[in-house]
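Data file: upload15.txt. Format and content: compact mmCIF, N, CA and C atoms.
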# COMPACT_ATOMS: atom_id res chain seq x y z
N ARG M 6 -66.26 -12.57 33.21
CA ARG M 6 -66.90 -11.90 32.10
C ARG M 6 -68.16 -11.20 32.62
N GLY M 7 -68.32 -9.95 32.26
CA GLY M 7 -69.49 -9.20 32.66
C GLY M 7 -69.42 -8.62 34.05
N ALA M 8 -68.30 -8.83 34.74
CA ALA M 8 -68.19 -8.36 36.12
C ALA M 8 -67.95 -6.86 36.19
N VAL M 9 -68.44 -6.26 37.25
CA VAL M 9 -68.20 -4.86 37.54
C VAL M 9 -67.24 -4.82 38.73
N GLU M 10 -66.17 -4.09 38.59
CA GLU M 10 -65.18 -4.02 39.66
C GLU M 10 -65.57 -2.97 40.68
N ARG M 11 -65.10 -3.16 41.91
CA ARG M 11 -65.36 -2.18 42.96
C ARG M 11 -64.80 -0.82 42.56
N GLY M 12 -65.54 0.21 42.95
CA GLY M 12 -65.07 1.57 42.70
C GLY M 12 -65.38 2.10 41.32
N GLN M 13 -65.96 1.29 40.44
CA GLN M 13 -66.29 1.78 39.11
C GLN M 13 -67.55 2.64 39.15
N ARG M 14 -67.63 3.61 38.23
CA ARG M 14 -68.78 4.50 38.15
C ARG M 14 -70.05 3.79 37.69
N ASP M 15 -69.90 2.62 37.12
CA ASP M 15 -71.04 1.94 36.52
C ASP M 15 -72.22 1.75 37.45
N LEU M 16 -71.98 1.74 38.75
CA LEU M 16 -73.05 1.51 39.70
C LEU M 16 -73.59 2.78 40.34
N ASP M 17 -73.02 3.93 39.99
CA ASP M 17 -73.38 5.19 40.64
C ASP M 17 -74.60 5.89 40.04
N GLY M 18 -74.89 5.64 38.80
CA GLY M 18 -75.91 6.40 38.09
C GLY M 18 -77.32 6.20 38.62
N PRO M 19 -78.11 7.28 38.66
CA PRO M 19 -79.50 7.17 39.10
C PRO M 19 -80.42 6.65 37.98
N LEU M 20 -79.98 6.76 36.73
CA LEU M 20 -80.78 6.29 35.60
C LEU M 20 -80.14 5.04 35.01
N VAL M 21 -81.00 4.13 34.56
CA VAL M 21 -80.53 2.90 33.92
C VAL M 21 -81.20 2.84 32.55
N LEU M 22 -80.39 2.75 31.51
CA LEU M 22 -80.90 2.63 30.15
C LEU M 22 -80.62 1.21 29.69
N LEU M 23 -81.67 0.43 29.52
CA LEU M 23 -81.52 -0.95 29.07
C LEU M 23 -81.85 -1.02 27.59
N TYR M 24 -81.12 -1.87 26.87
CA TYR M 24 -81.38 -2.01 25.45
C TYR M 24 -81.11 -3.44 25.03
N GLY M 25 -81.71 -3.80 23.93
CA GLY M 25 -81.50 -5.12 23.35
C GLY M 25 -81.82 -5.06 21.87
N ARG M 26 -81.33 -6.03 21.15
CA ARG M 26 -81.58 -6.07 19.70
C ARG M 26 -83.05 -6.36 19.42
N GLN M 27 -83.58 -5.65 18.42
CA GLN M 27 -84.96 -5.86 17.99
C GLN M 27 -85.01 -5.60 16.50
N ASN M 28 -85.36 -6.61 15.72
CA ASN M 28 -85.41 -6.50 14.26
C ASN M 28 -84.07 -5.97 13.74
N ASP M 29 -84.08 -4.84 13.05
CA ASP M 29 -82.84 -4.28 12.48
C ASP M 29 -82.20 -3.23 13.37
N GLY M 30 -82.72 -3.01 14.56
CA GLY M 30 -82.18 -1.97 15.42
C GLY M 30 -82.16 -2.41 16.87
N PHE M 31 -82.41 -1.44 17.75
CA PHE M 31 -82.40 -1.69 19.18
C PHE M 31 -83.71 -1.24 19.80
N ARG M 32 -84.07 -1.85 20.89
CA ARG M 32 -85.21 -1.43 21.69
C ARG M 32 -84.64 -0.88 22.99
N PHE M 33 -85.12 0.28 23.44
CA PHE M 33 -84.61 0.94 24.63
C PHE M 33 -85.71 1.08 25.68
N GLU M 34 -85.30 0.96 26.94
CA GLU M 34 -86.19 1.24 28.06
C GLU M 34 -85.41 2.03 29.09
N LEU M 35 -86.04 3.05 29.66
CA LEU M 35 -85.40 3.94 30.62
C LEU M 35 -85.98 3.69 32.00
N TYR M 36 -85.08 3.59 33.00
CA TYR M 36 -85.49 3.31 34.37
C TYR M 36 -84.81 4.25 35.35
N ASP M 37 -85.48 4.47 36.46
CA ASP M 37 -84.94 5.21 37.60
C ASP M 37 -84.54 4.16 38.64
N ARG M 38 -83.28 4.20 39.10
CA ARG M 38 -82.85 3.28 40.16
C ARG M 38 -83.37 3.85 41.47
N THR M 39 -84.24 3.11 42.15
CA THR M 39 -84.93 3.62 43.33
C THR M 39 -84.38 3.11 44.64
N ALA M 40 -83.34 2.29 44.60
CA ALA M 40 -82.76 1.75 45.83
C ALA M 40 -81.28 1.45 45.60
N ASP M 41 -80.58 1.21 46.69
CA ASP M 41 -79.16 0.84 46.60
C ASP M 41 -79.02 -0.57 46.03
N TRP M 42 -77.82 -0.89 45.58
CA TRP M 42 -77.51 -2.21 45.07
C TRP M 42 -77.43 -3.20 46.22
N GLU M 43 -77.90 -4.42 45.99
CA GLU M 43 -77.84 -5.51 46.96
C GLU M 43 -77.22 -6.72 46.28
N SER M 44 -76.49 -7.52 47.05
CA SER M 44 -75.91 -8.73 46.47
C SER M 44 -76.88 -9.90 46.59
N ILE M 45 -76.78 -10.83 45.64
CA ILE M 45 -77.62 -12.03 45.61
C ILE M 45 -76.81 -13.15 44.98
N THR M 46 -77.03 -14.36 45.44
CA THR M 46 -76.32 -15.50 44.87
C THR M 46 -76.96 -15.92 43.55
N GLY M 47 -76.20 -16.60 42.73
CA GLY M 47 -76.74 -17.12 41.48
C GLY M 47 -77.87 -18.10 41.72
N GLU M 48 -77.77 -18.89 42.79
CA GLU M 48 -78.82 -19.85 43.13
C GLU M 48 -80.12 -19.11 43.49
N ALA M 49 -80.02 -18.07 44.30
CA ALA M 49 -81.21 -17.29 44.66
C ALA M 49 -81.80 -16.60 43.44
N LEU M 50 -80.94 -16.12 42.56
CA LEU M 50 -81.39 -15.46 41.33
C LEU M 50 -82.17 -16.46 40.46
N SER M 51 -81.68 -17.69 40.40
CA SER M 51 -82.36 -18.73 39.64
C SER M 51 -83.75 -19.01 40.23
N ARG M 52 -83.85 -19.05 41.56
CA ARG M 52 -85.15 -19.28 42.21
C ARG M 52 -86.13 -18.15 41.91
N LEU M 53 -85.61 -16.95 41.65
CA LEU M 53 -86.47 -15.80 41.30
C LEU M 53 -86.90 -15.82 39.84
N GLY M 54 -86.37 -16.78 39.07
CA GLY M 54 -86.79 -16.91 37.68
C GLY M 54 -85.79 -16.44 36.65
N TYR M 55 -84.62 -16.00 37.08
CA TYR M 55 -83.60 -15.58 36.11
C TYR M 55 -83.10 -16.81 35.37
N PRO M 56 -83.08 -16.78 34.04
CA PRO M 56 -82.70 -17.98 33.29
C PRO M 56 -81.19 -18.24 33.28
N ASN M 57 -80.80 -19.37 33.85
CA ASN M 57 -79.43 -19.87 33.76
C ASN M 57 -78.34 -18.91 34.20
N PRO M 58 -78.33 -18.46 35.46
CA PRO M 58 -77.24 -17.60 35.92
C PRO M 58 -75.91 -18.33 35.80
N GLN M 59 -74.88 -17.64 35.35
CA GLN M 59 -73.57 -18.24 35.10
C GLN M 59 -72.58 -18.00 36.23
N GLY M 60 -72.86 -17.04 37.09
CA GLY M 60 -71.90 -16.69 38.13
C GLY M 60 -72.39 -17.07 39.52
N ASP M 61 -71.54 -16.79 40.50
CA ASP M 61 -71.87 -17.10 41.90
C ASP M 61 -72.59 -15.95 42.59
N THR M 62 -72.25 -14.70 42.24
CA THR M 62 -72.79 -13.54 42.93
C THR M 62 -73.19 -12.46 41.91
N TYR M 63 -74.30 -11.80 42.21
CA TYR M 63 -74.82 -10.75 41.34
C TYR M 63 -75.23 -9.56 42.18
N LEU M 64 -75.44 -8.42 41.52
CA LEU M 64 -75.97 -7.22 42.17
C LEU M 64 -77.34 -6.91 41.58
N LEU M 65 -78.27 -6.57 42.46
CA LEU M 65 -79.62 -6.19 42.05
C LEU M 65 -79.97 -4.84 42.65
N ALA M 66 -80.81 -4.10 41.96
CA ALA M 66 -81.36 -2.86 42.50
C ALA M 66 -82.80 -2.73 42.02
N ARG M 67 -83.61 -2.13 42.85
CA ARG M 67 -85.00 -1.86 42.44
C ARG M 67 -84.97 -0.72 41.43
N ILE M 68 -85.78 -0.88 40.39
CA ILE M 68 -85.88 0.14 39.36
C ILE M 68 -87.35 0.38 39.04
N GLN M 69 -87.62 1.57 38.52
CA GLN M 69 -88.97 1.94 38.12
C GLN M 69 -88.90 2.49 36.71
N GLN M 70 -89.71 1.94 35.82
CA GLN M 70 -89.67 2.38 34.43
C GLN M 70 -90.16 3.82 34.31
N LEU M 71 -89.46 4.58 33.48
CA LEU M 71 -89.81 5.97 33.19
C LEU M 71 -90.30 6.08 31.76
N PRO M 72 -91.12 7.08 31.48
CA PRO M 72 -91.50 7.28 30.07
C PRO M 72 -90.25 7.65 29.28
N ALA M 73 -90.07 7.00 28.17
CA ALA M 73 -88.89 7.26 27.35
C ALA M 73 -89.18 8.37 26.35
N PRO M 74 -88.23 9.30 26.19
CA PRO M 74 -88.43 10.32 25.16
C PRO M 74 -88.47 9.68 23.77
N ALA M 75 -89.22 10.26 22.86
CA ALA M 75 -89.39 9.68 21.52
C ALA M 75 -88.05 9.50 20.80
N TRP M 76 -87.09 10.39 21.03
CA TRP M 76 -85.81 10.31 20.32
C TRP M 76 -84.91 9.18 20.82
N LEU M 77 -85.30 8.50 21.89
CA LEU M 77 -84.46 7.45 22.46
C LEU M 77 -84.20 6.33 21.46
N GLU M 78 -85.14 6.06 20.59
CA GLU M 78 -84.97 5.00 19.58
C GLU M 78 -83.87 5.33 18.58
N GLN M 79 -83.40 6.57 18.56
CA GLN M 79 -82.36 6.99 17.62
C GLN M 79 -80.95 6.90 18.22
N VAL M 80 -80.84 6.44 19.46
CA VAL M 80 -79.53 6.34 20.11
C VAL M 80 -78.66 5.37 19.33
N ALA M 81 -77.41 5.76 19.08
CA ALA M 81 -76.44 4.92 18.38
C ALA M 81 -75.56 4.23 19.43
N VAL M 82 -75.95 3.02 19.80
CA VAL M 82 -75.27 2.28 20.86
C VAL M 82 -73.78 2.15 20.56
N GLU M 83 -73.43 1.88 19.33
CA GLU M 83 -72.02 1.68 18.96
C GLU M 83 -71.16 2.91 19.26
N ARG M 84 -71.75 4.09 19.30
CA ARG M 84 -71.00 5.30 19.64
C ARG M 84 -70.75 5.42 21.14
N LEU M 85 -71.51 4.69 21.94
CA LEU M 85 -71.42 4.79 23.39
C LEU M 85 -70.52 3.72 24.01
N LEU M 86 -70.26 2.64 23.29
CA LEU M 86 -69.50 1.52 23.85
C LEU M 86 -68.06 1.90 24.15
N PRO M 87 -67.57 1.56 25.34
CA PRO M 87 -66.16 1.79 25.65
C PRO M 87 -65.27 0.92 24.76
N LYS M 88 -64.04 1.35 24.54
CA LYS M 88 -63.12 0.61 23.66
C LYS M 88 -62.86 -0.80 24.16
N ASP M 89 -62.79 -1.00 25.47
CA ASP M 89 -62.49 -2.33 26.02
C ASP M 89 -63.74 -3.08 26.47
N TRP M 90 -64.90 -2.71 25.96
CA TRP M 90 -66.16 -3.30 26.38
C TRP M 90 -66.26 -4.77 25.97
N MET M 91 -66.77 -5.57 26.89
CA MET M 91 -67.04 -6.99 26.63
C MET M 91 -68.55 -7.18 26.58
N PRO M 92 -69.06 -7.94 25.59
CA PRO M 92 -70.51 -8.16 25.51
C PRO M 92 -71.08 -8.69 26.83
N GLY M 93 -72.21 -8.13 27.24
CA GLY M 93 -72.86 -8.53 28.46
C GLY M 93 -72.45 -7.73 29.67
N ARG M 94 -71.41 -6.93 29.54
CA ARG M 94 -70.92 -6.15 30.67
C ARG M 94 -71.59 -4.78 30.68
N PRO M 95 -72.08 -4.34 31.83
CA PRO M 95 -72.66 -2.99 31.88
C PRO M 95 -71.58 -1.94 31.72
N TYR M 96 -71.96 -0.78 31.30
CA TYR M 96 -71.02 0.34 31.20
C TYR M 96 -71.78 1.62 31.49
N SER M 97 -71.03 2.64 31.84
CA SER M 97 -71.66 3.92 32.15
C SER M 97 -71.28 4.95 31.10
N THR M 98 -72.14 5.92 30.97
CA THR M 98 -71.91 7.03 30.07
C THR M 98 -72.67 8.23 30.64
N THR M 99 -72.57 9.35 29.99
CA THR M 99 -73.31 10.52 30.45
C THR M 99 -74.59 10.67 29.63
N TRP M 100 -75.55 11.36 30.21
CA TRP M 100 -76.79 11.63 29.49
C TRP M 100 -76.49 12.47 28.25
N LEU M 101 -75.54 13.38 28.36
CA LEU M 101 -75.15 14.20 27.21
C LEU M 101 -74.65 13.32 26.08
N ASP M 102 -73.81 12.33 26.38
CA ASP M 102 -73.31 11.43 25.34
C ASP M 102 -74.44 10.62 24.71
N VAL M 103 -75.42 10.23 25.51
CA VAL M 103 -76.59 9.51 24.97
C VAL M 103 -77.31 10.41 23.96
N VAL M 104 -77.56 11.65 24.34
CA VAL M 104 -78.24 12.59 23.44
C VAL M 104 -77.40 12.84 22.19
N LEU M 105 -76.10 13.08 22.36
CA LEU M 105 -75.24 13.36 21.21
C LEU M 105 -75.12 12.19 20.26
N SER M 106 -75.29 10.97 20.76
CA SER M 106 -75.18 9.80 19.89
C SER M 106 -76.32 9.73 18.87
N THR M 107 -77.36 10.53 19.08
CA THR M 107 -78.49 10.53 18.13
C THR M 107 -78.24 11.48 16.97
N GLN M 108 -77.17 12.28 17.05
CA GLN M 108 -76.86 13.25 16.01
C GLN M 108 -76.02 12.61 14.92
N ASP M 109 -76.25 13.00 13.69
CA ASP M 109 -75.44 12.48 12.57
C ASP M 109 -74.11 13.13 12.48
If you convert what's in this file into structure tokens, what do you get?
Amino acid sequence: RGAVERGQRDLDGPLVLLYGRQNDGFRFELYDRTADWESITGEALSRLGYPNPQGDTYLLARIQQLPAPAWLEQVAVERLLPKDWMPGRPYSTTWLDVVLSTQD
């Protein structure tokens, strides 16, 4: 659950848009991926302070927060989710689709 398979586009993007539930909507943060992905064990991730890792191996990348455009809070996450998406699993989309999801 939550795994990314080899060869998927999900790891190629230079931008990372993180979101989580907040009150009645979502909170968004925009990041620039500044380094390649590196593997780390769940045990090492736990030592770094990650709460309760469930798997054996994870991928990490250095990121730097970017100023988020004001319209980012209007993104409709449900319009971006792939049909076979599993909660907790990352997914990729285009910046155009992110922008279009804010339109009624």
*Near-Gln70 in chain M list (7 Å; all atoms listed in the file; drop same-chain fewer than 2 positions) as a list in words*: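 Those residues are Glu34, Leu35, Tyr36, Asp37, Ile68, Pro72 and Ala73 of chain M.
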Could you save those same residues with N, CA and C atoms as a PDB file, in the coordinates of the input?
ATOM      1  N   GLU M  34     -85.300   0.960  26.940  1.00  0.00           N
ATOM      2  CA  GLU M  34     -86.190   1.240  28.060  1.00  0.00           C
ATOM      3  C   GLU M  34     -85.410   2.030  29.090  1.00  0.00           C
ATOM      4  N   LEU M  35     -86.040   3.050  29.660  1.00  0.00           N
ATOM      5  CA  LEU M  35     -85.400   3.940  30.620  1.00  0.00           C
ATOM      6  C   LEU M  35     -85.980   3.690  32.000  1.00  0.00           C
ATOM      7  N   TYR M  36     -85.080   3.590  33.000  1.00  0.00           N
ATOM      8  CA  TYR M  36     -85.490   3.310  34.370  1.00  0.00           C
ATOM      9  C   TYR M  36     -84.810   4.250  35.350  1.00  0.00           C
ATOM     10  N   ASP M  37     -85.480   4.470  36.460  1.00  0.00           N
ATOM     11  CA  ASP M  37     -84.940   5.210  37.600  1.00  0.00           C
ATOM     12  C   ASP M  37     -84.540   4.160  38.640  1.00  0.00           C
ATOM     13  N   ILE M  68     -85.780  -0.880  40.390  1.00  0.00           N
ATOM     14  CA  ILE M  68     -85.880   0.140  39.360  1.00  0.00           C
ATOM     15  C   ILE M  68     -87.350   0.380  39.040  1.00  0.00           C
ATOM     16  N   PRO M  72     -91.120   7.080  31.480  1.00  0.00           N
ATOM     17  CA  PRO M  72     -91.500   7.280  30.070  1.00  0.00           C
ATOM     18  C   PRO M  72     -90.250   7.650  29.280  1.00  0.00           C
ATOM     19  N   ALA M  73     -90.070   7.000  28.170  1.00  0.00           N
ATOM     20  CA  ALA M  73     -88.890   7.260  27.350  1.00  0.00           C
ATOM     21  C   ALA M  73     -89.180   8.370  26.350  1.00  0.00           C
TER      22      ALA M  73
END
*When DSSP works through the backbone of this structure, what residues of chain M end up as strand (DSSP E or B), shown as a list of chain:residue names?*
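Taking chain M and keeping strand (DSSP E or B) only, one gets M:Leu20, M:Val21, M:Leu22, M:Leu23, M:Tyr24, M:Gly25, M:Arg26, M:Gln27, M:Gly30, M:Phe31, M:Arg32, M:Phe33, M:Glu34, M:Leu35, M:Tyr36, M:Asp37, M:Arg38, M:Glu43, M:Ser44, M:Ile45, M:Thr46, M:Thr62, M:Tyr63, M:Leu64, M:Leu65, M:Ile68, M:Gln69, M:Gln70, M:Leu71.
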*asked:* Ranking M:Thr62, M:Thr107, M:Asn28, M:Gln79 by minimum distance to Gly47 in chain M and counting only N, CA and C atoms, which one comes first?
replied: M:Thr62
*Closest to Glu43 in chain M among M:Tyr24, M:Tyr63, M:Phe31, M:Tyr55, using only C-alpha atoms?*
M:Tyr63
All residues 8 Å or closer to Val104 in chain M, all atoms listed in the file, same chain fewer than 5 positions away omitted, as a PDB file with N, CA and C atoms, in the frame of the given file:
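around15.pdb, written as the output of this step:
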ATOM      1  N   TRP M  76     -87.090  10.390  21.030  1.00  0.00           N
ATOM      2  CA  TRP M  76     -85.810  10.310  20.320  1.00  0.00           C
ATOM      3  C   TRP M  76     -84.910   9.180  20.820  1.00  0.00           C
ATOM      4  N   GLN M  79     -83.400   6.570  18.560  1.00  0.00           N
ATOM      5  CA  GLN M  79     -82.360   6.990  17.620  1.00  0.00           C
ATOM      6  C   GLN M  79     -80.950   6.900  18.220  1.00  0.00           C
ATOM      7  N   VAL M  80     -80.840   6.440  19.460  1.00  0.00           N
ATOM      8  CA  VAL M  80     -79.530   6.340  20.110  1.00  0.00           C
ATOM      9  C   VAL M  80     -78.660   5.370  19.330  1.00  0.00           C
ATOM     10  N   ALA M  81     -77.410   5.760  19.080  1.00  0.00           N
ATOM     11  CA  ALA M  81     -76.440   4.920  18.380  1.00  0.00           C
ATOM     12  C   ALA M  81     -75.560   4.230  19.430  1.00  0.00           C
ATOM     13  N   THR M  99     -72.570   9.350  29.990  1.00  0.00           N
ATOM     14  CA  THR M  99     -73.310  10.520  30.450  1.00  0.00           C
ATOM     15  C   THR M  99     -74.590  10.670  29.630  1.00  0.00           C
TER      16      THR M  99
END
*Please provide the set of residues having any atom within 8 Å of Trp42 in chain M, restricted to only C-alpha atoms, with same-chain residues fewer than 5 positions apart removed, written as a PyMOL selection string.*
chain M and resi 16+64-67
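CA of Phe33 in chain M is positioned 15.3 Å from CA of Ser97 in chain M.
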*At most 9 Å from (-72.2, -0.3, 31.2), file frame, only C-alpha atoms: which residues, as a ChimeraX atom specification?*
/M:9,15-16,86-87,90,93-98
Let me know the centre plus edge lengths, in Å and rounded to one decimal, of a box with edges along x, y and z that contains all listed atoms of range 69-82 of chain M and is padded by 6 Å on every side, as JSON.
{"center_x": -82.6, "center_y": 6.0, "center_z": 28.1, "size_x": 29.7, "size_y": 20.8, "size_z": 32.9}
*asked:* I want to know what sits within 10 Å of Thr46 in chain M, based on only C-alpha atoms, with residues of the same chain fewer than 3 positions away left out; could you give that as a ChimeraX atom specification?
replied: /M:49-52,58,60-64
*Could you please determine the separation between atom C of Glu78 in chain M and CA of Asp109 in chain M in Å, to one decimal place?*
12.6 Å
*Looking at M:Thr39, M:Ser106, M:Ser44, M:Leu71, which one is nearest to Arg84 in chain M, with distances taken over all atoms listed in the file?*
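Under the stated criterion, the closest residue is M:Ser106.
CA of Lys88 in chain M to atom C of Pro19 in chain M spans 23.3 Å [interatomic distance, one decimal].
The shortest atom-to-atom distance to Arg38 in chain M, with only N, CA and C atoms taken into account, belongs to M:Gln69 out of M:Arg14, M:Asn57, M:Gln69, M:Gly25.
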